[in-house]
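upload.txt follows (compact mmCIF, C-alpha atoms):
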# COMPACT_ATOMS: atom_id res chain seq x y z
CA MET Q 5 -28.42 -13.45 13.68
CA ARG Q 6 -29.72 -11.77 10.57
CA ASN Q 7 -28.90 -8.31 9.44
CA ASP Q 8 -32.29 -6.89 10.35
CA THR Q 9 -32.36 -8.20 13.91
CA PRO Q 10 -33.11 -5.38 16.36
CA ILE Q 11 -30.08 -4.21 18.28
CA LEU Q 12 -31.77 -4.86 21.64
CA VAL Q 13 -32.33 -8.56 20.88
CA LYS Q 14 -28.71 -8.83 19.84
CA LYS Q 15 -27.47 -7.27 23.06
CA ILE Q 16 -29.69 -9.43 25.24
CA THR Q 17 -28.50 -12.57 23.43
CA ALA Q 18 -24.87 -11.55 23.88
CA LEU Q 19 -25.39 -10.79 27.57
CA SER Q 20 -27.06 -14.14 28.21
CA LEU Q 21 -24.26 -15.98 26.38
CA ILE Q 22 -21.66 -14.19 28.48
CA THR Q 23 -23.62 -14.94 31.67
CA ILE Q 24 -23.65 -18.65 30.85
CA LEU Q 25 -19.92 -18.53 30.15
CA MET Q 26 -19.18 -16.69 33.40
CA VAL Q 27 -21.26 -19.11 35.47
CA GLY Q 28 -19.35 -21.97 33.87
CA PHE Q 29 -16.01 -20.33 34.60
CA PHE Q 30 -16.83 -19.65 38.23
CA TRP Q 31 -18.14 -23.17 38.65
CA ALA Q 32 -14.77 -24.34 37.35
CA PHE Q 33 -12.98 -22.07 39.84
CA THR Q 34 -14.64 -23.81 42.76
CA GLU Q 35 -12.92 -27.00 41.62
CA MET Q 36 -9.52 -25.33 41.27
CA PRO Q 37 -6.99 -25.23 44.14
CA LYS Q 38 -7.20 -21.97 46.07
CA GLY Q 39 -4.37 -19.50 45.89
CA SER Q 40 -3.39 -20.10 49.50
CA SER Q 41 -3.12 -23.85 49.02
CA VAL Q 42 -0.98 -23.80 45.88
CA ASN Q 43 2.40 -25.43 46.38
CA VAL Q 44 5.09 -24.91 43.75
CA ASN Q 45 7.03 -27.77 45.31
CA ASN Q 46 4.55 -30.15 43.67
CA ARG Q 47 4.96 -28.61 40.23
CA VAL Q 48 7.51 -29.08 37.49
CA SER Q 49 8.55 -25.44 37.85
CA ARG Q 50 10.40 -26.36 41.03
CA LEU Q 51 13.05 -28.04 38.91
CA TYR Q 52 13.38 -24.97 36.70
CA ILE Q 53 13.89 -22.77 39.74
CA LEU Q 54 16.41 -25.10 41.37
CA LYS Q 55 18.09 -25.54 37.96
CA ASN Q 56 18.08 -29.31 38.31
CA VAL Q 57 16.14 -30.62 35.33
CA LYS Q 58 19.05 -32.77 34.19
CA ALA Q 59 19.19 -34.69 37.48
CA ALA Q 60 15.42 -35.20 37.40
CA THR Q 61 15.59 -36.50 33.81
CA LYS Q 62 18.41 -38.85 34.78
CA SER Q 63 16.44 -40.34 37.66
CA LEU Q 64 13.37 -40.49 35.39
CA ASN Q 65 15.30 -42.51 32.83
CA SER Q 66 16.78 -44.84 35.42
CA GLY Q 67 13.26 -45.62 36.58
CA ASN Q 68 13.36 -44.46 40.19
CA PHE Q 69 11.61 -41.15 39.65
CA PHE Q 70 8.01 -42.31 39.42
CA ALA Q 71 8.52 -44.94 42.07
CA LYS Q 72 6.09 -45.60 44.92
CA GLY Q 73 2.61 -44.20 44.55
CA MET Q 74 3.43 -42.37 41.28
CA LYS Q 75 4.66 -39.24 43.03
CA PRO Q 76 5.51 -36.86 40.22
CA LEU Q 77 8.26 -35.01 42.09
CA ARG Q 78 10.18 -36.58 44.89
CA SER Q 79 11.38 -34.30 47.61
CA ASP Q 80 14.78 -36.00 47.83
CA VAL Q 81 16.03 -35.09 44.36
CA PRO Q 82 19.61 -34.04 45.09
CA TYR Q 83 20.31 -30.38 44.72
CA SER Q 84 22.82 -27.85 45.91
CA PRO Q 85 21.53 -24.52 47.22
CA ILE Q 86 22.08 -21.66 44.79
CA THR Q 87 23.60 -18.43 46.08
CA PHE Q 88 23.68 -15.33 43.94
CA GLY Q 89 27.18 -14.43 42.82
CA LYS Q 90 28.79 -17.64 44.08
CA SER Q 91 27.27 -20.70 42.44
CA ALA Q 92 29.13 -21.58 39.26
CA ASN Q 93 28.66 -24.05 36.42
CA LEU Q 94 24.96 -24.55 37.00
CA GLU Q 95 22.75 -26.30 34.50
CA ASP Q 96 21.51 -22.92 33.34
CA GLY Q 97 23.33 -19.81 34.52
CA ALA Q 98 20.58 -17.22 34.10
CA ALA Q 99 19.56 -15.36 37.25
CA ASN Q 100 16.13 -14.70 35.73
CA VAL Q 101 14.31 -18.03 35.82
CA VAL Q 102 11.67 -16.92 33.30
CA THR Q 103 14.42 -16.14 30.79
CA SER Q 104 16.05 -19.50 31.37
CA ILE Q 105 12.74 -21.20 30.55
CA VAL Q 106 11.96 -19.03 27.53
CA VAL Q 107 15.37 -19.20 25.87
CA ASP Q 108 17.05 -22.32 27.19
CA TYR Q 109 14.58 -25.02 28.22
CA ARG Q 110 11.95 -23.99 25.69
CA GLY Q 111 14.12 -22.33 23.07
CA PHE Q 112 12.36 -24.12 20.23
CA ASP Q 113 9.10 -22.52 21.34
CA THR Q 114 10.74 -19.10 21.15
CA LEU Q 115 11.98 -19.87 17.63
CA GLY Q 116 8.36 -20.52 16.61
CA GLU Q 117 7.28 -17.30 18.32
CA VAL Q 118 9.89 -15.30 16.40
CA THR Q 119 8.64 -16.97 13.21
CA VAL Q 120 5.06 -15.92 13.96
CA LEU Q 121 6.17 -12.33 14.53
CA PHE Q 122 8.16 -12.44 11.28
CA LEU Q 123 5.09 -13.72 9.40
CA ALA Q 124 2.92 -10.96 10.88
CA ALA Q 125 5.43 -8.26 9.93
CA THR Q 126 5.76 -9.72 6.43
CA GLY Q 127 1.98 -9.79 6.07
CA VAL Q 128 1.69 -6.14 7.09
CA ALA Q 129 4.42 -5.17 4.63
CA MET Q 130 2.81 -7.25 1.86
CA LEU Q 131 -0.67 -5.78 2.33
CA PHE Q 132 0.70 -2.25 2.27
CA PHE Q 133 3.01 -2.90 -0.68
CA GLY Q 134 2.90 -0.29 -3.39
CA LYS Q 135 0.89 2.17 -1.33
CA ARG Q 136 2.44 5.50 -2.16
CA LYS Q 137 2.79 7.94 0.65
CA LYS Q 138 0.96 11.17 0.08
CA ASN Q 139 3.11 14.17 0.67
CA ILE Q 140 0.39 16.25 2.26
CA ILE Q 141 1.37 17.07 5.80
CA LYS Q 142 -1.58 18.01 7.96
CA ALA Q 143 0.36 19.30 10.92
CA GLN Q 144 3.93 20.52 10.70
CA ALA Q 145 6.18 19.21 13.45
CA SER Q 146 7.65 22.06 15.45
CA LEU Q 147 11.37 22.62 15.97
CA ILE Q 148 11.18 21.40 19.57
CA MET Q 149 9.45 18.20 18.43
CA SER Q 150 11.94 17.41 15.69
CA VAL Q 151 15.04 18.09 17.80
CA GLY Q 152 13.58 16.45 20.91
CA THR Q 153 12.65 13.22 19.19
CA ARG Q 154 16.16 12.93 17.74
CA ILE Q 155 17.73 13.38 21.19
CA ALA Q 156 15.22 11.00 22.73
CA TYR Q 157 15.90 8.43 20.01
CA ALA Q 158 19.53 8.04 21.13
CA VAL Q 159 18.51 7.57 24.77
CA ILE Q 160 15.70 5.16 23.89
CA LEU Q 161 17.97 3.11 21.63
CA LEU Q 162 20.54 2.84 24.40
CA PHE Q 163 17.84 1.82 26.90
CA GLY Q 164 16.51 -0.86 24.54
CA ILE Q 165 20.00 -2.27 24.07
CA TYR Q 166 20.46 -2.28 27.85
CA ILE Q 167 17.20 -4.20 28.29
CA PHE Q 168 18.05 -6.97 25.87
CA VAL Q 169 21.69 -7.31 26.88
CA HIS Q 170 20.66 -7.73 30.52
CA GLY Q 171 17.81 -10.13 29.69
CA HIS Q 172 19.30 -12.96 31.74
CA LEU Q 173 19.77 -10.84 34.87
CA THR Q 174 16.80 -8.46 35.13
CA PRO Q 175 13.18 -8.47 34.01
CA GLY Q 176 12.99 -7.83 30.31
CA GLY Q 177 14.69 -9.47 27.40
CA GLY Q 178 14.72 -9.42 23.64
CA PHE Q 179 11.06 -8.75 22.96
CA PRO Q 180 10.58 -5.75 25.30
CA GLY Q 181 13.94 -4.36 24.21
CA GLY Q 182 12.96 -4.54 20.57
CA ALA Q 183 9.61 -2.90 21.29
CA VAL Q 184 11.40 -0.05 23.12
CA ILE Q 185 13.69 0.51 20.13
CA ALA Q 186 10.69 0.54 17.77
CA SER Q 187 9.02 3.19 19.96
CA GLY Q 188 12.10 5.38 19.44
CA VAL Q 189 11.76 4.94 15.67
CA LEU Q 190 8.08 5.91 15.97
CA GLY Q 191 9.20 9.14 17.61
CA LEU Q 192 11.49 9.83 14.63
CA PHE Q 193 8.55 9.34 12.25
CA LEU Q 194 6.36 11.72 14.25
CA GLY Q 195 8.98 14.39 14.74
CA ASN Q 196 10.44 14.71 11.25
CA ASP Q 197 8.45 15.50 8.10
CA HIS Q 198 9.23 13.27 5.13
CA TYR Q 199 11.28 10.90 7.26
CA GLU Q 200 12.23 7.85 5.20
CA SER Q 201 13.65 4.76 6.81
CA ASN Q 202 16.21 2.55 5.12
CA HIS Q 203 13.94 -0.30 3.97
CA LEU Q 204 16.72 -2.49 2.62
CA GLY Q 205 18.76 -2.02 5.77
CA LEU Q 206 15.81 -2.98 7.99
CA LYS Q 207 15.12 -6.13 5.93
CA LEU Q 208 18.78 -7.10 5.92
CA PHE Q 209 19.17 -6.52 9.66
CA GLU Q 210 16.05 -8.53 10.41
CA SER Q 211 17.03 -11.46 8.20
CA LEU Q 212 20.61 -11.58 9.48
CA SER Q 213 19.57 -11.58 13.14
CA GLY Q 214 16.95 -14.24 12.43
CA MET Q 215 19.63 -16.32 10.76
CA ALA Q 216 21.93 -15.75 13.74
CA PHE Q 217 19.31 -17.36 16.00
CA VAL Q 218 19.14 -20.47 13.81
CA ILE Q 219 22.92 -20.62 13.43
CA ILE Q 220 23.36 -20.52 17.22
CA GLY Q 221 20.84 -23.36 17.44
CA LEU Q 222 22.68 -25.38 14.79
CA THR Q 223 25.98 -24.83 16.61
CA GLY Q 224 24.38 -26.47 19.61
CA LEU Q 225 23.18 -29.31 17.38
CA PHE Q 226 26.67 -30.05 16.09
CA SER Q 227 28.59 -29.54 19.35
CA VAL Q 228 26.24 -30.87 22.06
CA ASN Q 229 24.01 -33.08 19.87
CA SER Q 230 20.82 -31.15 20.57
CA PHE Q 231 19.21 -28.27 18.71
CA LEU Q 232 19.44 -25.00 20.71
CA ALA Q 233 21.57 -26.62 23.38
CA ASN Q 234 23.78 -24.45 25.54
CA PHE Q 235 27.29 -24.90 24.17
CA LEU Q 236 29.02 -22.16 26.17
CA PRO Q 237 30.13 -22.27 29.82
CA THR Q 238 27.42 -20.99 32.13
CA GLY Q 239 29.71 -19.09 34.48
CA VAL Q 240 28.87 -17.58 37.85
CA ILE Q 241 25.18 -16.79 38.37
CA GLY Q 242 24.60 -13.04 38.35
CA ASP Q 243 27.57 -12.02 36.21
CA LEU Q 244 27.01 -10.17 32.97
CA TYR Q 245 29.12 -12.75 31.10
CA SER Q 246 27.19 -15.75 32.30
CA ALA Q 247 24.40 -18.04 31.19
CA GLY Q 248 26.19 -19.13 28.02
CA PHE Q 249 24.29 -18.51 24.83
CA ILE Q 250 21.23 -16.84 26.39
CA ALA Q 251 22.72 -13.36 26.01
CA LEU Q 252 23.68 -14.08 22.37
CA ILE Q 253 20.20 -15.31 21.49
CA TYR Q 254 18.54 -12.39 23.25
CA ILE Q 255 20.76 -9.93 21.36
CA ALA Q 256 19.69 -11.59 18.10
CA ILE Q 257 16.01 -11.53 19.12
CA GLY Q 258 16.21 -7.92 20.27
CA MET Q 259 17.70 -6.72 16.99
CA LYS Q 260 15.20 -8.78 15.00
CA VAL Q 261 12.14 -7.55 16.91
CA GLY Q 262 13.36 -3.95 16.81
CA ALA Q 263 13.84 -4.06 13.04
CA GLU Q 264 10.54 -5.87 12.49
CA LEU Q 265 8.42 -3.50 14.58
CA SER Q 266 10.17 -0.50 13.02
CA ALA Q 267 9.21 -1.86 9.59
CA VAL Q 268 5.60 -2.31 10.79
CA VAL Q 269 5.53 1.29 12.07
CA ASP Q 270 7.03 2.45 8.78
CA SER Q 271 4.35 0.76 6.70
CA MET Q 272 1.50 1.78 8.97
CA ILE Q 273 2.26 5.51 9.08
CA VAL Q 274 0.56 7.08 6.06
CA ASP Q 275 -0.96 10.50 5.64
CA THR Q 276 -4.45 10.00 4.28
CA GLU Q 277 -6.94 12.55 3.07
CA GLU Q 278 -10.02 10.39 3.54
CA GLU Q 279 -12.24 10.90 6.52
CA TRP Q 280 -12.46 7.77 8.63
CA SER Q 281 -15.90 6.78 9.72
CA MET C 11 -12.16 -13.03 55.26
CA MET C 12 -11.33 -10.02 53.12
CA GLN C 13 -7.75 -11.15 52.75
CA GLU C 14 -8.83 -14.62 51.72
CA PHE C 15 -11.21 -13.18 49.15
CA LEU C 16 -8.50 -10.95 47.71
CA GLN C 17 -5.95 -13.75 47.59
CA ASN C 18 -8.22 -16.32 46.02
CA TYR C 19 -10.77 -14.61 43.84
CA VAL C 20 -10.00 -11.01 42.94
CA TYR C 21 -7.62 -11.84 40.08
CA LEU C 22 -10.00 -14.42 38.71
CA ILE C 23 -12.94 -11.99 38.86
CA GLY C 24 -10.88 -9.28 37.20
CA SER C 25 -9.64 -11.46 34.38
CA MET C 26 -13.06 -13.00 33.78
CA SER C 27 -14.65 -9.53 33.73
CA LEU C 28 -12.12 -8.48 31.07
CA ILE C 29 -12.92 -11.57 29.01
CA GLY C 30 -16.67 -10.87 29.38
CA ILE C 31 -16.32 -7.22 28.35
CA GLY C 32 -14.23 -8.18 25.33
CA LEU C 33 -16.69 -10.88 24.31
CA TYR C 34 -19.61 -8.45 24.61
CA ILE C 35 -17.85 -5.91 22.39
CA THR C 36 -16.95 -8.59 19.86
CA LEU C 37 -20.52 -9.90 19.70
CA THR C 38 -22.47 -6.65 19.55
CA ASP C 39 -20.30 -4.01 17.90
CA GLU C 40 -20.36 -3.39 14.18
CA ASN C 41 -17.18 -1.39 13.65
CA ILE C 42 -14.28 -3.63 12.63
CA PHE C 43 -11.72 -1.69 14.63
CA LYS C 44 -13.87 -1.92 17.74
CA ILE C 45 -14.09 -5.69 17.24
CA ILE C 46 -10.28 -5.80 17.13
CA VAL C 47 -10.17 -3.79 20.36
CA GLY C 48 -12.57 -6.33 21.89
CA LEU C 49 -10.30 -9.20 20.88
CA ASN C 50 -7.39 -7.36 22.48
CA ILE C 51 -9.34 -7.00 25.74
CA ILE C 52 -10.05 -10.76 25.70
CA GLU C 53 -6.33 -11.35 25.23
CA SER C 54 -5.46 -9.12 28.20
CA GLY C 55 -7.94 -11.03 30.35
CA THR C 56 -6.41 -14.35 29.37
CA ASN C 57 -2.90 -13.12 30.12
CA LEU C 58 -4.00 -11.75 33.49
CA PHE C 59 -5.62 -15.09 34.31
CA MET C 60 -2.46 -17.01 33.50
CA VAL C 61 -0.26 -14.70 35.55
CA ALA C 62 -2.75 -14.86 38.43
CA ILE C 63 -2.69 -18.64 38.67
CA ALA C 64 1.11 -18.52 38.76
CA TRP C 65 1.12 -16.51 41.98
CA TYR C 66 0.27 -17.56 45.49
CA PRO C 67 0.36 -15.65 48.76
CA LYS C 68 3.80 -14.55 49.99
CA ALA C 69 5.50 -15.73 46.80
CA VAL C 70 8.60 -13.84 45.69
CA MET C 71 9.56 -13.02 42.11
CA PRO C 72 11.40 -15.82 40.26
CA ILE C 73 14.65 -13.89 39.80
CA TYR C 74 17.83 -14.56 41.73
CA THR C 75 19.24 -11.36 43.22
CA LEU C 76 21.47 -10.59 46.17
CA THR C 77 18.54 -10.26 48.58
CA ASN C 78 15.97 -12.46 46.86
CA LYS C 79 16.26 -16.11 47.89
CA LEU C 80 14.06 -18.39 45.83
CA SER C 81 14.40 -21.53 47.94
CA ILE C 82 14.78 -22.13 51.66
CA ASN C 83 16.07 -25.59 52.63
CA GLY C 84 15.06 -26.99 49.26
CA LYS C 85 11.51 -25.66 49.46
CA VAL C 86 10.71 -23.23 46.67
CA ILE C 87 9.04 -19.99 47.77
CA ALA C 88 9.01 -18.24 44.37
CA ALA C 89 6.07 -17.76 42.05
CA ASP C 90 5.64 -20.29 39.27
CA PRO C 91 7.80 -19.08 36.34
CA LEU C 92 6.29 -21.35 33.69
CA PRO C 93 2.94 -19.52 33.11
CA GLN C 94 4.84 -16.23 33.13
CA SER C 95 7.04 -17.38 30.27
CA LEU C 96 3.97 -18.59 28.36
CA VAL C 97 2.40 -15.14 28.82
CA LEU C 98 5.60 -13.55 27.50
CA THR C 99 5.09 -15.60 24.34
CA ALA C 100 1.37 -14.80 24.15
CA ILE C 101 1.87 -11.02 24.44
CA VAL C 102 4.30 -10.93 21.51
CA ILE C 103 2.05 -13.06 19.29
CA GLY C 104 -0.93 -10.88 20.25
CA LEU C 105 1.03 -7.83 19.12
CA GLY C 106 1.77 -9.42 15.73
CA THR C 107 -1.78 -10.60 15.11
CA THR C 108 -3.19 -7.19 16.12
CA ALA C 109 -0.93 -5.43 13.62
CA LEU C 110 -2.03 -7.83 10.88
CA ALA C 111 -5.72 -7.45 11.79
CA LEU C 112 -5.50 -3.65 11.70
CA THR C 113 -3.84 -3.84 8.29
CA ILE C 114 -6.63 -6.05 6.95
CA GLY C 115 -9.16 -3.59 8.44
CA ILE C 116 -7.54 -0.72 6.52
CA LYS C 117 -7.64 -2.80 3.32
CA ILE C 118 -11.36 -3.53 3.90
CA PHE C 119 -12.03 0.18 4.31
CA GLU C 120 -10.24 0.91 1.06
CA LYS C 121 -12.31 -1.68 -0.81
CA TYR C 122 -15.80 -1.09 0.61
CA GLY C 123 -15.57 2.47 1.90
CA THR C 124 -17.04 1.56 5.28
CA LEU C 125 -16.10 -0.21 8.49
CA ASP C 126 -19.61 -1.43 9.34
CA VAL C 127 -19.75 -5.21 9.14
CA ARG C 128 -23.46 -5.18 8.19
CA LYS C 129 -22.90 -2.90 5.21
CA ILE C 130 -19.88 -4.94 4.14
CA LYS C 131 -22.00 -8.09 4.24
CA GLU C 132 -24.71 -6.45 2.13
CA ALA C 133 -22.17 -5.14 -0.39
CA GLY C 134 -20.66 -8.59 -0.72
CA ARG C 135 -23.93 -10.09 -1.91

This entry written out as structure tokens:
Amino acid sequence: MRNDTPILVKKITALSLITILMVGFFWAFTEMPKGSSVNVNNRVSRLYILKNVKAATKSLNSGNFFAKGMKPLRSDVPYSPITFGKSANLEDGAANVVTSIVVDYRGFDTLGEVTVLFLAATGVAMLFFGKRKKNIIKAQASLIMSVGTRIAYAVILLFGIYIFVHGHLTPGGGFPGGAVIASGVLGLFLGNDHYESNHLGLKLFESLSGMAFVIIGLTGLFSVNSFLANFLPTGVIGDLYSAGFIALIYIAIGMKVGAELSAVVDSMIVDTEEEWS
Amino acid sequence: MMQEFLQNYVYLIGSMSLIGIGLYITLTDENIFKIIVGLNIIESGTNLFMVAIAWYPKAVMPIYTLTNKLSINGKVIAADPLPQSLVLTAIVIGLGTTALALTIGIKIFEKYGTLDVRKIKEAGR
């Protein structure tokens, strides 16, 4: 497409491309299993839900897992039924199965994800480096706004901490908790004129909690011989003090994401005089 | 009939429509910020697609609670938790890349004085 192509030709080309793509997608859907015929009992996720990956790996290593007819998951893998509040010393003590996958079984993946977020926040800070904030305030925040955001900040901070401390029991976890905390900081920026955040404190907090994640992983490496292995007792499923190191890692992630997103909000809020086209 | 359609196709149609809308915006629009919005819509469509294929009719949420039993006699009745955890990862990375893209958009505006990709291309020559 050249620069002088008429806009109509451009739109028609885009529409036809999208039509071809959609037809391809829907043709692929006819080959996919329908929603009513999906069976989780044939998927790997069954082992995550029953918290029995170790037994499956053991039978895989001993050679009787992919036995007759290459069945990927045998139905007679031994398991004990899990009851909330009673079952103790499970392979992974988190009541929230998604959390147990994200932090425990695929913890290395989450470490990479945290690294990507750190790189993005560092890139934002680097591109905005040296940009002085103009002290021209277009709209003065009213008294109600400035007092209300400060009161709301305390409640929002508490709620964010609640979300990431209870990550292994309820929906949520470190990333949503950190985002909630950053939204509270955004309120502080909107409600108070000339609000300055503690840049050094944010950087220090972020780096220390990122290091805490790696140190927890290294502790697993030296005590259980596997990076990011669970080295604490898993406890009774459903208790607050259960699931071993998942709560520790989610606290570290929550503090790190909260500090990072607050730094992003801090660098992105600038009062500009230019008119944006 | 209607129930079967809703169970099997409505999520797929919704997510694919989101991907199509985002692709159309990305291909035809000239404002950089609108292109970023289009990329975000594509991302939402992808996430919706992945969550949709994790669910099947009468599945319960994959969280153990007092009243929520995930398995009955060894048969799992919960939704597939693996795509959900992948989406959790994808949302966070999408947030980071969007912040970085917006920052680069602001820097482009400061350098060229416009957000129109055609004018930027002409000025670069």

Which residue of C:Ile101, C:Met71, C:Leu76, C:Val47 approaches chain Q most closely, using only C-alpha atoms: C:Leu76

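Taking CA of Ser25 in chain C and CA of Asn50 in chain C as the two end points, the separation is 12.8 Å.
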
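Every protein, DNA or RNA residue with an atom at most 12 Å from Leu19 in chain Q, where all atoms listed in the file count and chain neighbours fewer than 6 positions away do not, is listed here: Leu12, Val13, Leu25 and Met26 of chain Q; Gly30, Ile31, Gly32, Leu33, Tyr34, Ile35, Thr36, Leu37 and Thr38 of chain C.
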
Give as a PDB file with C-alpha atoms, in the frame of the given file every residue of chain C that touches chain Q within 7 Å, counting only C-alpha atoms.
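part-v7.pdb, freshly written:
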ATOM      1  CA  GLN C  17      -5.950 -13.750  47.590  1.00  0.00           C
ATOM      2  CA  ASN C  18      -8.220 -16.320  46.020  1.00  0.00           C
ATOM      3  CA  GLY C  30     -16.670 -10.870  29.380  1.00  0.00           C
ATOM      4  CA  TYR C  34     -19.610  -8.450  24.610  1.00  0.00           C
ATOM      5  CA  LEU C  37     -20.520  -9.900  19.700  1.00  0.00           C
ATOM      6  CA  THR C  38     -22.470  -6.650  19.550  1.00  0.00           C
ATOM      7  CA  TYR C  66       0.270 -17.560  45.490  1.00  0.00           C
ATOM      8  CA  PRO C  67       0.360 -15.650  48.760  1.00  0.00           C
ATOM      9  CA  PRO C  72      11.400 -15.820  40.260  1.00  0.00           C
ATOM     10  CA  ILE C  73      14.650 -13.890  39.800  1.00  0.00           C
ATOM     11  CA  TYR C  74      17.830 -14.560  41.730  1.00  0.00           C
ATOM     12  CA  THR C  75      19.240 -11.360  43.220  1.00  0.00           C
ATOM     13  CA  LEU C  76      21.470 -10.590  46.170  1.00  0.00           C
ATOM     14  CA  LYS C  85      11.510 -25.660  49.460  1.00  0.00           C
ATOM     15  CA  VAL C  86      10.710 -23.230  46.670  1.00  0.00           C
ATOM     16  CA  ASP C  90       5.640 -20.290  39.270  1.00  0.00           C
ATOM     17  CA  PRO C  91       7.800 -19.080  36.340  1.00  0.00           C
ATOM     18  CA  LEU C  92       6.290 -21.350  33.690  1.00  0.00           C
ATOM     19  CA  GLN C  94       4.840 -16.230  33.130  1.00  0.00           C
ATOM     20  CA  SER C  95       7.040 -17.380  30.270  1.00  0.00           C
ATOM     21  CA  THR C  99       5.090 -15.600  24.340  1.00  0.00           C
ATOM     22  CA  ILE C 103       2.050 -13.060  19.290  1.00  0.00           C
ATOM     23  CA  GLY C 106       1.770  -9.420  15.730  1.00  0.00           C
ATOM     24  CA  THR C 107      -1.780 -10.600  15.110  1.00  0.00           C
ATOM     25  CA  LEU C 110      -2.030  -7.830  10.880  1.00  0.00           C
ATOM     26  CA  THR C 113      -3.840  -3.840   8.290  1.00  0.00           C
ATOM     27  CA  THR C 124     -17.040   1.560   5.280  1.00  0.00           C
ATOM     28  CA  ARG C 128     -23.460  -5.180   8.190  1.00  0.00           C
TER      29      ARG C 128
END

Residue nearest Leu252 in chain Q among Q:Ile273, Q:Ala267, Q:Ala186, Q:Val218 (counting all atoms listed in the file): Q:Val218

Nearest candidate to Ser146 in chain Q (options Q:Ala92, Q:Ile255, Q:Val228, Q:Leu194; using all atoms listed in the file): Q:Leu194

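Ranking C:Lys121, C:Gly48, C:Gly115, C:Trp65 by their shortest atom-to-atom distance to Ala88 in chain C, with all atoms listed in the file included, puts C:Trp65 first.
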
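For the choices Q:Leu94, Q:Leu232, Q:Met215, Q:Ile185, the atom-to-atom distance to Ser266 in chain Q is smallest for Q:Ile185 when using only C-alpha atoms.
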
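Remark: for Leu192 in chain Q, the closest of the candidate residues Q:Pro10, Q:Gly111, Q:Gly152, Q:Gly205 is Q:Gly152 (distances computed over all atoms listed in the file).
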
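CA of Ala145 in chain Q lies 17.5 Å from CA of Ser187 in chain Q.
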